[in-house]
file protein_1.cif (mmCIF, C-alpha atoms and all ligand atoms)
data_target
loop_
_atom_site.label_atom_id
_atom_site.label_comp_id
_atom_site.auth_asym_id
_atom_site.auth_seq_id
_atom_site.Cartn_x
_atom_site.Cartn_y
_atom_site.Cartn_z
CA MET A 1 18.58 2.28 13.96
CA THR A 2 14.94 2.09 15.03
CA THR A 3 12.80 -0.28 12.99
CA LEU A 4 9.07 -0.85 12.67
CA PHE A 5 9.50 -3.94 14.83
CA ASP A 6 11.04 -2.20 17.83
CA PRO A 7 8.85 -1.74 20.90
CA ILE A 8 7.83 1.67 22.19
CA VAL A 9 6.06 2.93 25.29
CA LEU A 10 3.13 5.13 24.34
CA GLY A 11 1.65 6.96 27.29
CA GLY A 12 0.73 4.12 29.61
CA MET A 13 0.88 1.42 26.90
CA ALA A 14 3.76 -0.84 25.95
CA LEU A 15 3.58 -1.43 22.19
CA PRO A 16 5.48 -4.45 20.82
CA ASN A 17 6.01 -2.72 17.45
CA ARG A 18 5.53 0.65 15.75
CA ILE A 19 2.96 -0.46 13.19
CA VAL A 20 -0.39 1.19 13.90
CA MET A 21 -3.74 0.29 12.35
CA ALA A 22 -5.14 3.63 11.12
CA PRO A 23 -8.82 4.46 11.74
CA LEU A 24 -11.02 2.95 9.02
CA THR A 25 -14.77 3.54 8.71
CA ARG A 26 -16.49 0.38 7.47
CA ASN A 27 -20.21 1.11 8.02
CA ARG A 28 -21.03 -2.23 9.59
CA ALA A 29 -22.67 -1.04 12.82
CA PRO A 30 -26.45 -0.96 12.17
CA GLY A 31 -28.21 1.45 14.51
CA ALA A 32 -24.76 2.80 15.46
CA VAL A 33 -24.15 -0.25 17.68
CA PRO A 34 -20.97 -2.36 17.20
CA THR A 35 -21.48 -6.04 16.37
CA PRO A 36 -19.72 -9.35 17.16
CA LEU A 37 -18.41 -9.29 13.58
CA MET A 38 -16.58 -6.06 14.41
CA ALA A 39 -15.06 -7.74 17.47
CA GLN A 40 -13.80 -10.52 15.22
CA TYR A 41 -12.42 -8.02 12.66
CA TYR A 42 -10.46 -6.04 15.23
CA ALA A 43 -9.24 -9.17 17.07
CA GLN A 44 -7.86 -10.49 13.76
CA ARG A 45 -5.65 -7.37 13.63
CA ALA A 46 -4.49 -7.47 17.28
CA THR A 47 -0.81 -7.93 16.35
CA ALA A 48 -0.73 -4.25 15.37
CA GLY A 49 1.32 -2.22 17.84
CA LEU A 50 -1.85 -0.20 18.31
CA ILE A 51 -5.34 -0.33 16.78
CA ILE A 52 -7.17 2.95 16.29
CA THR A 53 -10.85 2.17 15.73
CA GLU A 54 -12.98 3.55 12.95
CA ALA A 55 -14.29 7.04 13.71
CA THR A 56 -16.99 6.78 16.39
CA ALA A 57 -19.63 9.43 17.02
CA ILE A 58 -19.58 11.16 20.42
CA SER A 59 -23.25 12.13 20.08
CA HIS A 60 -26.21 11.61 17.76
CA GLN A 61 -25.52 15.09 16.37
CA GLY A 62 -21.97 13.92 15.59
CA GLN A 63 -23.22 11.16 13.23
CA GLY A 64 -22.65 11.71 9.54
CA TYR A 65 -22.87 8.36 7.78
CA ALA A 66 -25.12 5.31 7.86
CA ASP A 67 -24.18 2.46 10.16
CA VAL A 68 -21.14 4.04 11.76
CA PRO A 69 -20.81 3.29 15.47
CA GLY A 70 -21.43 5.65 18.36
CA LEU A 71 -20.20 5.96 21.91
CA TYR A 72 -23.06 7.78 23.62
CA GLY A 73 -25.52 5.04 24.62
CA THR A 74 -25.29 2.14 27.04
CA GLU A 75 -25.98 -0.40 24.32
CA GLN A 76 -23.08 0.99 22.25
CA LEU A 77 -20.71 0.95 25.23
CA ASP A 78 -21.63 -2.64 26.10
CA ALA A 79 -21.07 -3.68 22.49
CA TRP A 80 -17.71 -1.90 22.34
CA LYS A 81 -16.73 -3.75 25.50
CA GLU A 82 -17.00 -7.01 23.55
CA VAL A 83 -14.67 -5.53 20.94
CA THR A 84 -12.04 -4.33 23.39
CA GLN A 85 -12.17 -7.64 25.27
CA ALA A 86 -11.65 -9.60 22.06
CA VAL A 87 -8.63 -7.46 21.17
CA HIS A 88 -7.17 -7.68 24.67
CA GLU A 89 -7.62 -11.46 24.74
CA ARG A 90 -5.46 -11.60 21.61
CA GLY A 91 -2.82 -9.46 23.34
CA GLY A 92 -3.62 -6.23 21.48
CA ARG A 93 -4.18 -2.58 22.39
CA ILE A 94 -7.06 -0.46 21.09
CA VAL A 95 -8.04 3.21 21.27
CA VAL A 96 -11.25 4.71 19.92
CA GLN A 97 -11.37 7.62 17.52
CA LEU A 98 -13.73 10.31 18.86
CA TRP A 99 -15.74 11.88 16.06
CA HIS A 100 -18.09 14.75 15.45
CA VAL A 101 -18.70 15.17 11.72
CA GLY A 102 -20.03 18.75 11.90
CA ARG A 103 -21.38 19.67 8.46
CA VAL A 104 -20.47 16.36 6.79
CA SER A 105 -23.86 14.85 7.51
CA HIS A 106 -27.39 14.60 6.22
CA VAL A 107 -30.72 15.52 7.77
CA ASP A 108 -31.74 11.84 7.61
CA LEU A 109 -28.95 11.02 10.09
CA GLN A 110 -29.53 13.91 12.50
CA PRO A 111 -31.74 13.99 15.63
CA GLU A 112 -35.33 14.88 14.57
CA GLY A 113 -34.18 15.37 10.99
CA LYS A 114 -32.61 18.72 11.84
CA ALA A 115 -29.81 20.44 9.90
CA PRO A 116 -26.25 19.31 10.66
CA VAL A 117 -24.14 21.82 12.61
CA ALA A 118 -21.00 23.68 11.53
CA PRO A 119 -18.88 26.72 12.38
CA SER A 120 -20.60 28.63 9.55
CA PRO A 121 -23.62 27.87 7.33
CA LEU A 122 -21.52 26.72 4.37
CA THR A 123 -22.45 23.43 2.72
CA ALA A 124 -19.52 21.06 2.16
CA LYS A 125 -19.17 20.03 -1.48
CA THR A 126 -18.84 16.40 -0.57
CA ASN A 127 -20.95 13.28 -0.15
CA THR A 128 -22.09 11.27 2.78
CA TYR A 129 -23.28 7.67 2.76
CA LEU A 130 -26.86 6.58 3.43
CA ILE A 131 -28.35 3.09 3.50
CA LYS A 132 -32.03 2.78 2.59
CA ASP A 133 -33.80 -0.58 2.48
CA GLY A 134 -30.42 -2.27 2.71
CA VAL A 135 -28.99 -0.41 -0.28
CA GLY A 136 -26.13 2.02 0.28
CA SER A 137 -25.55 5.16 -1.76
CA PHE A 138 -23.45 8.31 -1.64
CA VAL A 139 -25.54 11.50 -1.39
CA PRO A 140 -24.60 15.20 -1.09
CA THR A 141 -24.36 16.56 2.45
CA SER A 142 -27.16 18.78 3.77
CA GLN A 143 -26.98 22.55 4.27
CA PRO A 144 -25.70 23.05 7.86
CA ARG A 145 -26.60 25.69 10.41
CA ALA A 146 -23.95 27.67 12.31
CA LEU A 147 -23.41 26.65 15.91
CA ASP A 148 -24.17 29.33 18.47
CA ALA A 149 -21.15 29.97 20.73
CA GLN A 150 -23.36 29.01 23.67
CA GLU A 151 -23.69 25.49 22.25
CA LEU A 152 -19.94 24.85 22.16
CA PRO A 153 -19.50 23.96 25.85
CA GLY A 154 -22.11 21.25 25.25
CA ILE A 155 -20.01 19.80 22.45
CA VAL A 156 -16.88 19.89 24.61
CA HIS A 157 -18.90 18.10 27.27
CA ASP A 158 -19.95 15.42 24.75
CA TYR A 159 -16.29 14.72 23.93
CA ARG A 160 -15.39 14.59 27.62
CA HIS A 161 -18.28 12.27 28.39
CA ALA A 162 -17.50 9.96 25.46
CA ALA A 163 -13.82 9.78 26.48
CA ARG A 164 -14.68 8.87 30.04
CA ASN A 165 -17.15 6.19 28.94
CA ALA A 166 -14.69 4.83 26.39
CA VAL A 167 -12.11 4.16 29.06
CA THR A 168 -14.23 3.32 32.10
CA SER A 169 -17.20 1.50 30.53
CA ALA A 170 -16.07 0.21 27.13
CA GLY A 171 -12.55 -0.86 28.14
CA PHE A 172 -10.55 1.14 25.61
CA ASP A 173 -6.87 1.77 26.33
CA GLY A 174 -7.34 5.38 25.30
CA VAL A 175 -8.89 7.73 22.77
CA GLU A 176 -7.87 9.62 19.65
CA VAL A 177 -9.42 13.03 19.07
CA HIS A 178 -10.36 13.20 15.38
CA GLY A 179 -9.13 16.62 14.37
CA ALA A 180 -8.63 15.68 10.71
CA ASN A 181 -10.30 15.16 7.33
CA GLY A 182 -12.71 18.07 7.25
CA TYR A 183 -14.89 17.10 10.19
CA LEU A 184 -16.10 19.46 12.95
CA LEU A 185 -12.79 20.33 14.64
CA ASP A 186 -11.01 20.70 11.27
CA GLN A 187 -13.95 22.85 10.04
CA PHE A 188 -13.35 25.24 12.93
CA LEU A 189 -9.59 25.27 12.29
CA LYS A 190 -9.65 26.18 8.63
CA THR A 191 -10.53 29.39 6.83
CA GLY A 192 -12.50 27.68 4.05
CA SER A 193 -15.21 26.54 6.46
CA ASN A 194 -14.96 29.01 9.34
CA GLN A 195 -16.28 32.54 8.73
CA ARG A 196 -17.19 33.29 12.32
CA ASP A 197 -16.57 36.70 13.87
CA ASP A 198 -16.69 35.61 17.51
CA ASP A 199 -14.02 34.04 19.76
CA TYR A 200 -14.06 30.89 17.60
CA GLY A 201 -13.34 32.50 14.22
CA GLY A 202 -10.95 34.91 12.53
CA SER A 203 -7.45 34.61 14.01
CA ILE A 204 -5.54 31.32 14.21
CA GLU A 205 -5.89 31.43 18.00
CA ASN A 206 -9.66 31.71 17.70
CA ARG A 207 -10.07 29.03 15.03
CA ALA A 208 -7.95 26.60 17.07
CA ARG A 209 -9.89 27.31 20.27
CA LEU A 210 -12.49 24.55 20.00
CA LEU A 211 -10.00 21.81 19.09
CA LEU A 212 -7.79 22.84 22.00
CA GLU A 213 -10.70 23.07 24.45
CA VAL A 214 -11.86 19.60 23.41
CA THR A 215 -8.40 18.05 23.65
CA ARG A 216 -7.70 19.69 27.00
CA ALA A 217 -11.04 18.48 28.38
CA VAL A 218 -10.50 14.94 27.16
CA ALA A 219 -6.95 14.88 28.57
CA GLU A 220 -8.23 16.16 31.92
CA GLU A 221 -10.89 13.50 31.94
CA VAL A 222 -8.86 10.38 31.16
CA GLY A 223 -5.25 11.60 31.52
CA GLY A 224 -3.16 12.96 28.66
CA GLU A 225 -1.19 9.69 28.50
CA ARG A 226 -4.33 8.00 27.17
CA VAL A 227 -5.02 10.62 24.51
CA GLY A 228 -3.81 11.04 20.95
CA ILE A 229 -4.91 13.52 18.29
CA ARG A 230 -5.16 13.20 14.52
CA LEU A 231 -4.53 16.20 12.24
CA SER A 232 -4.45 16.60 8.45
CA PRO A 233 -2.86 19.97 7.65
CA VAL A 234 -3.42 20.03 3.88
CA THR A 235 -5.88 17.32 2.95
CA PRO A 236 -8.67 18.47 0.67
CA ALA A 237 -10.91 15.71 2.08
CA ASN A 238 -14.52 16.79 2.58
CA ASP A 239 -14.03 20.14 0.87
CA ILE A 240 -11.66 21.61 3.45
CA ALA A 241 -8.94 24.21 2.92
CA ASP A 242 -6.92 26.78 4.80
CA THR A 243 -5.04 29.80 3.49
CA ALA A 244 -1.99 29.36 5.79
CA PRO A 245 -1.80 25.78 7.07
CA GLN A 246 1.86 25.91 8.14
CA GLN A 247 1.30 28.75 10.60
CA LEU A 248 -2.03 27.29 11.72
CA PHE A 249 -0.73 23.82 12.51
CA GLU A 250 2.53 24.98 14.06
CA TYR A 251 0.40 27.04 16.45
CA VAL A 252 -1.84 24.03 17.13
CA VAL A 253 1.01 21.63 17.94
CA ARG A 254 2.76 24.21 20.14
CA GLU A 255 -0.44 24.52 22.16
CA LEU A 256 -0.85 20.74 22.29
CA ALA A 257 2.71 20.34 23.58
CA GLY A 258 1.73 21.15 27.15
CA LEU A 259 -1.08 18.60 27.39
CA GLY A 260 1.07 15.52 27.96
CA LEU A 261 -0.54 13.62 25.07
CA ALA A 262 0.46 10.04 24.21
CA TYR A 263 0.83 10.87 20.52
CA VAL A 264 0.26 13.29 17.66
CA HIS A 265 -0.91 11.62 14.45
CA ILE A 266 -0.32 13.47 11.19
CA ILE A 267 -1.84 12.65 7.79
CA GLU A 268 0.76 13.86 5.29
CA GLY A 269 -0.85 15.13 2.08
CA ALA A 270 -4.27 14.18 0.73
CA THR A 271 -5.84 11.45 2.85
CA GLY A 272 -5.62 8.22 0.88
CA GLY A 273 -4.10 10.12 -2.05
CA PRO A 274 -0.90 11.93 -3.02
CA ARG A 275 1.53 12.83 -0.25
CA GLU A 276 2.03 16.24 -1.89
CA VAL A 277 -1.06 18.30 -2.65
CA ASP A 278 -0.87 20.73 -5.57
CA GLY A 279 -0.73 24.29 -4.31
CA ARG A 280 -0.56 23.25 -0.67
CA PRO A 281 3.12 22.84 0.24
CA PHE A 282 3.80 21.74 3.79
CA ASP A 283 6.93 21.20 5.88
CA TYR A 284 6.18 18.26 8.20
CA ALA A 285 9.68 18.24 9.72
CA ALA A 286 9.14 21.86 10.80
CA LEU A 287 5.79 20.86 12.29
CA ARG A 288 7.38 18.14 14.40
CA GLN A 289 10.17 20.51 15.41
CA ALA A 290 7.61 23.12 16.52
CA TYR A 291 6.00 20.48 18.75
CA ARG A 292 9.33 19.34 20.22
CA ASP A 293 10.61 22.92 20.68
CA ALA A 294 7.47 23.67 22.69
CA GLY A 295 8.25 20.72 24.97
CA GLY A 296 5.91 18.18 23.37
CA GLN A 297 7.00 14.67 24.33
CA GLY A 298 4.22 12.60 22.76
CA ALA A 299 5.09 10.05 20.10
CA TRP A 300 5.03 11.35 16.52
CA MET A 301 2.83 9.15 14.32
CA VAL A 302 2.77 9.55 10.54
CA ASN A 303 0.34 8.24 7.94
CA ASN A 304 -0.61 8.26 4.30
CA SER A 305 0.43 5.97 1.51
CA TYR A 306 3.32 4.48 3.46
CA ASP A 307 5.04 1.32 2.33
CA GLN A 308 7.83 -0.43 4.19
CA ALA A 309 10.66 1.55 2.56
CA LEU A 310 9.02 4.91 3.17
CA ALA A 311 8.19 3.88 6.74
CA ARG A 312 11.82 2.97 7.38
CA GLN A 313 12.85 6.39 6.11
CA ALA A 314 10.24 8.12 8.32
CA LEU A 315 11.60 6.37 11.43
CA ALA A 316 15.15 7.33 10.44
CA ASP A 317 13.98 10.93 10.05
CA GLY A 318 12.51 11.04 13.56
CA ALA A 319 8.95 9.67 13.42
CA ASP A 320 8.10 7.20 16.20
CA LEU A 321 5.17 5.29 14.67
CA VAL A 322 3.67 4.67 11.24
CA ALA A 323 -0.07 4.15 10.74
CA PHE A 324 -1.25 1.96 7.86
CA GLY A 325 -4.85 2.12 6.68
CA ARG A 326 -5.78 0.28 3.50
CA ALA A 327 -3.05 -2.33 3.97
CA PHE A 328 -4.66 -3.41 7.25
CA ILE A 329 -8.03 -3.96 5.58
CA SER A 330 -6.78 -6.72 3.30
CA ASN A 331 -3.91 -7.96 5.51
CA PRO A 332 -5.03 -8.83 9.04
CA ASP A 333 -1.48 -10.09 9.67
CA LEU A 334 0.17 -6.98 8.23
CA VAL A 335 2.84 -6.92 10.96
CA GLU A 336 3.95 -10.46 10.14
CA ARG A 337 3.88 -9.80 6.39
CA LEU A 338 6.06 -6.71 6.77
CA ARG A 339 8.42 -8.61 9.08
CA SER A 340 8.81 -11.50 6.64
CA GLY A 341 8.79 -9.33 3.53
CA SER A 342 5.76 -11.22 2.16
CA ASP A 343 3.49 -9.87 -0.54
CA LEU A 344 0.50 -7.84 0.57
CA ALA A 345 -3.01 -8.87 -0.44
CA THR A 346 -4.89 -6.29 -2.50
CA LEU A 347 -7.98 -4.49 -1.38
CA ASP A 348 -11.49 -5.10 -2.70
CA ARG A 349 -12.90 -1.57 -3.09
CA ASP A 350 -16.49 -2.82 -3.54
CA THR A 351 -16.73 -4.09 0.04
CA LEU A 352 -15.17 -1.14 1.88
CA TYR A 353 -18.38 0.43 3.13
CA GLY A 354 -21.32 -1.56 4.49
CA GLY A 355 -22.13 -5.23 4.10
CA GLY A 356 -21.06 -8.17 6.23
CA ALA A 357 -18.14 -10.56 6.51
CA LYS A 358 -17.23 -10.39 2.81
CA GLY A 359 -14.27 -8.05 2.37
CA TYR A 360 -14.19 -7.55 6.13
CA THR A 361 -13.30 -10.64 8.17
CA ASP A 362 -12.61 -13.03 5.27
CA TYR A 363 -9.17 -11.73 4.24
CA PRO A 364 -6.92 -14.63 5.28
CA ALA A 365 -3.72 -14.41 7.26
CA LEU A 366 -0.71 -16.19 5.76
CA PRO A 367 -0.54 -19.83 6.83
C1 LIG A 401 -12.27 2.71 3.93
C2 LIG A 401 -11.60 3.86 4.62
C3 LIG A 401 -12.15 4.38 5.77
C4 LIG A 401 -11.50 5.41 6.47
N1 LIG A 401 -12.04 5.87 7.65
C5 LIG A 401 -11.37 6.79 8.40
C6 LIG A 401 -11.83 7.15 9.69
O1 LIG A 401 -12.84 6.63 10.20
N2 LIG A 401 -11.12 8.09 10.37
C7 LIG A 401 -9.99 8.67 9.86
O2 LIG A 401 -9.39 9.52 10.51
N3 LIG A 401 -9.52 8.32 8.63
C8 LIG A 401 -10.16 7.38 7.92
N4 LIG A 401 -9.64 6.95 6.72
C9 LIG A 401 -8.30 7.41 6.31
C10 LIG A 401 -7.25 6.40 6.77
O3 LIG A 401 -7.14 6.35 8.18
C11 LIG A 401 -5.85 6.74 6.21
O4 LIG A 401 -5.54 8.05 6.61
C12 LIG A 401 -5.77 6.65 4.70
O5 LIG A 401 -6.32 5.41 4.23
C13 LIG A 401 -4.33 6.76 4.21
O6 LIG A 401 -3.53 5.75 4.79
P1 LIG A 401 -3.08 4.47 3.91
O7 LIG A 401 -2.39 5.00 2.71
O8 LIG A 401 -2.17 3.70 4.80
O9 LIG A 401 -4.33 3.73 3.56
C14 LIG A 401 -10.29 5.94 5.98
C15 LIG A 401 -9.75 5.42 4.80
C16 LIG A 401 -10.37 4.38 4.13
C17 LIG A 401 -9.74 3.83 2.89
#

call {"tool": "encode", "arguments": {"input": "protein_1.cif", "output": "structure tokens"}}
result
Amino acid sequence: MTTLFDPIVLGGMALPNRIVMAPLTRNRAPGAVPTPLMAQYYAQRATAGLIITEATAISHQGQGYADVPGLYGTEQLDAWKEVTQAVHERGGRIVVQLWHVGRVSHVDLQPEGKAPVAPSPLTAKTNTYLIKDGVGSFVPTSQPRALDAQELPGIVHDYRHAARNAVTSAGFDGVEVHGANGYLLDQFLKTGSNQRDDDYGGSIENRARLLLEVTRAVAEEVGGERVGIRLSPVTPANDIADTAPQQLFEYVVRELAGLGLAYVHIIEGATGGPREVDGRPFDYAALRQAYRDAGGQGAWMVNNSYDQALARQALADGADLVAFGRAFISNPDLVERLRSGSDLATLDRDTLYGGGAKGYTDYPALP
């Protein structure tokens, strides 16, 4: 039987185990530029089968929180190169999560203080994170404006450009399209945030159009074997909801099946919360089957509140990889701890977002 410690080939990458570090925003990139401390943090976790970086903005417009990194300027790419080199020197593999936040932003973070963009002018009932004079605070998101259809090719171009730079300039092994957690692509997908009456709203086919155009463009640019995608069918994160998620996501994965992606990454349930969401039943086995039946050969990666026993069960049930988020924050040597059955260190919630080394690079590995 397959275990977490069995190798797997993922696209062009040979992973020594099936334990993935999930993307984790930590707000430690002032001016959206990665730092040497980030290189140290990721290198400490290089024994993961695969590291997925924190969400990284593809454009200034795609920024939604203070001190999250970007991937659209030379300075950012050079700084990311230090990160990828540090991980590679430790024998690891690292892909970058490509992010456009859409409406989950604030005018203070947008170019020229303009309104954030969204499928429709509906404000998300959620908070973003600002840092003023060194002090961080959560503040409500700003009222967005609806994107004109003529602007959408520009956004697809920004994803394409970021993917190319990630691989050719910053040295990443690949990219993950962030289609989850109520950000731009998820806002287009779901009925609660998309009230458009053009080719990008209404039917499932129309709402899925932007996500599929973006993923196709990115796969064309860097090769599907270097591309993964993250989806969260029923999470309520960032005020997102859909009236028929099963049909929506089965359509999405069937369309993704032909793109030759390295992996599909599914958040099961409420991100960072319960694996079953009240009133939002979902059949994940049927989702995977829809992908396979359509010819999808990418690895199937699962996430959300997994422990070792649940992970073992997921592999037995047909998943290929398990992504761990919070456990990787406080356990840089998570792979070794799972292998040896050691206790896991607990997480300090006060140092999750912003700050320096404390609660970031000072969690020790076991001796
Ligand atoms: C501090 C923190 C930051 C996160 N940042 C991201 C992110 O940048 N991108 C993303 O897709 N998910 C993000 N998530 C969600 C995690 O990737 C993961 O889905 C969630 O923590 C559930 O997995 P776990 O139970 O293994 O922690 C974040 C979660 C936490 C706790």

call {"tool": "closest_residue", "arguments": {"input": "protein_1.cif", "among": "A:Gly12, A:Gly260, A:Gly70, A:Gly202", "to": "Asn27 of chain A", "atoms": "only C-alpha atoms"}}
result
A:Gly70

call {"tool": "residues_near_ligand", "arguments": {"input": "protein_1.cif", "ligand": "ligand LIG 401 (chain A)", "cutoff": "7 Å", "atoms": "all atoms listed in the file", "output": "list in words"}}
result
Ala22, Pro23, Leu24, Thr25, Arg26, Glu54, Ala55, His178, Ala180, Asn181, Arg230, Ile267, Thr271, Gly272, Asn303, Asn304, Ser305, Tyr306, Ala323, Phe324, Gly325, Arg326, Ala327, Leu352 and Tyr353 of chain A

call {"tool": "residues_around", "arguments": {"input": "protein_1.cif", "residues": "Leu10 of chain A", "least_positions_apart": "5", "cutoff": "7 Å", "atoms": "all atoms listed in the file", "output": "PyMOL selection string"}}
result
chain A and resi 15+262+299

call {"tool": "residues_around", "arguments": {"input": "protein_1.cif", "residues": "segment 241-248 of chain A", "least_positions_apart": "5", "cutoff": "6 Å", "atoms": "only C-alpha atoms", "output": "VMD selection string"}}
result
chain A and resid 190 to 192 204 233

call {"tool": "closest_residue", "arguments": {"input": "protein_1.cif", "among": "A:Tyr284, A:Asp199, A:Gly91, A:Asp348", "to": "Ala14 of chain A", "atoms": "only C-alpha atoms"}}
result
A:Gly91

call {"tool": "closest_residue", "arguments": {"input": "protein_1.cif", "among": "A:Arg93, A:Arg45, A:Leu130, A:Glu276", "to": "Tyr363 of chain A", "atoms": "all atoms listed in the file"}}
result
A:Arg45

call {"tool": "closest_residue", "arguments": {"input": "protein_1.cif", "among": "A:Tyr200, A:Ser120, A:Leu210, A:Arg226", "to": "Ala163 of chain A", "atoms": "all atoms listed in the file"}}
result
A:Arg226

call {"tool": "residues_around", "arguments": {"input": "protein_1.cif", "residues": "segment 121-127 of chain A", "least_positions_apart": "6", "cutoff": "7 Å", "atoms": "all atoms listed in the file", "output": "PDB file with C-alpha atoms, in the frame of the given file"}}
result
ATOM      1  CA  ARG A 103     -21.380  19.670   8.460  1.00  0.00           C
ATOM      2  CA  VAL A 104     -20.470  16.360   6.790  1.00  0.00           C
ATOM      3  CA  PHE A 138     -23.450   8.310  -1.640  1.00  0.00           C
ATOM      4  CA  VAL A 139     -25.540  11.500  -1.390  1.00  0.00           C
ATOM      5  CA  PRO A 140     -24.600  15.200  -1.090  1.00  0.00           C
ATOM      6  CA  THR A 141     -24.360  16.560   2.450  1.00  0.00           C
ATOM      7  CA  SER A 142     -27.160  18.780   3.770  1.00  0.00           C
ATOM      8  CA  GLN A 143     -26.980  22.550   4.270  1.00  0.00           C
ATOM      9  CA  PRO A 144     -25.700  23.050   7.860  1.00  0.00           C
ATOM     10  CA  ARG A 145     -26.600  25.690  10.410  1.00  0.00           C
ATOM     11  CA  ALA A 146     -23.950  27.670  12.310  1.00  0.00           C
ATOM     12  CA  SER A 193     -15.210  26.540   6.460  1.00  0.00           C
ATOM     13  CA  ASN A 238     -14.520  16.790   2.580  1.00  0.00           C
ATOM     14  CA  ASP A 239     -14.030  20.140   0.870  1.00  0.00           C
TER      15      ASP A 239
END

call {"tool": "atom_distance", "arguments": {"input": "protein_1.cif", "atom1": "atom CA of Pro281 of chain A", "atom2": "atom CA of Glu268 of chain A"}}
result
10.6 Å

call {"tool": "residues_near_point", "arguments": {"input": "protein_1.cif", "point": "(12.0, 3.3, 16.4)", "cutoff": "8 Å", "atoms": "all atoms listed in the file", "output": "compact mmCIF listing (two decimals) with C-alpha atoms, in the coordinates of the input"}}
result
# COMPACT_ATOMS: atom_id res chain seq x y z
CA MET A 1 18.58 2.28 13.96
CA THR A 2 14.94 2.09 15.03
CA THR A 3 12.80 -0.28 12.99
CA LEU A 4 9.07 -0.85 12.67
CA PHE A 5 9.50 -3.94 14.83
CA ASP A 6 11.04 -2.20 17.83
CA PRO A 7 8.85 -1.74 20.90
CA ILE A 8 7.83 1.67 22.19
CA ARG A 18 5.53 0.65 15.75
CA LEU A 315 11.60 6.37 11.43
CA ALA A 316 15.15 7.33 10.44
CA ALA A 319 8.95 9.67 13.42
CA ASP A 320 8.10 7.20 16.20
CA LEU A 321 5.17 5.29 14.67

call {"tool": "axis_aligned_box", "arguments": {"input": "protein_1.cif", "around": "segment 10-13 of chain A", "padding_each_side": "6 Å", "output": "lines of an AutoDock Vina configuration file"}}
result
center_x = 1.9
center_y = 4.2
center_z = 27.0
size_x = 14.4
size_y = 17.5
size_z = 17.3

call {"tool": "residues_around", "arguments": {"input": "protein_1.cif", "residues": "Arg209 of chain A", "least_positions_apart": "6", "cutoff": "10 Å", "atoms": "only C-alpha atoms", "output": "VMD selection string"}}
result
chain A and resid 185 188 to 189 199 to 201 203 215 252

call {"tool": "closest_residue", "arguments": {"input": "protein_1.cif", "among": "A:Ala217, A:Ala314, A:Ala166, A:Leu37", "to": "Val95 of chain A", "atoms": "all atoms listed in the file"}}
result
A:Ala166

call {"tool": "residues_around", "arguments": {"input": "protein_1.cif", "residues": "Val96 of chain A", "least_positions_apart": "4", "cutoff": "12 Å", "atoms": "all atoms listed in the file", "output": "ChimeraX atom specification"}}
result
/A:21-25,42,50-58,69-71,77,80-81,83-84,159,162-167,170-178,226-230

call {"tool": "atom_distance", "arguments": {"input": "protein_1.cif", "atom1": "atom CA of Asp362 of chain A", "atom2": "atom CA of Lys132 of chain A"}}
result
25.2 Å
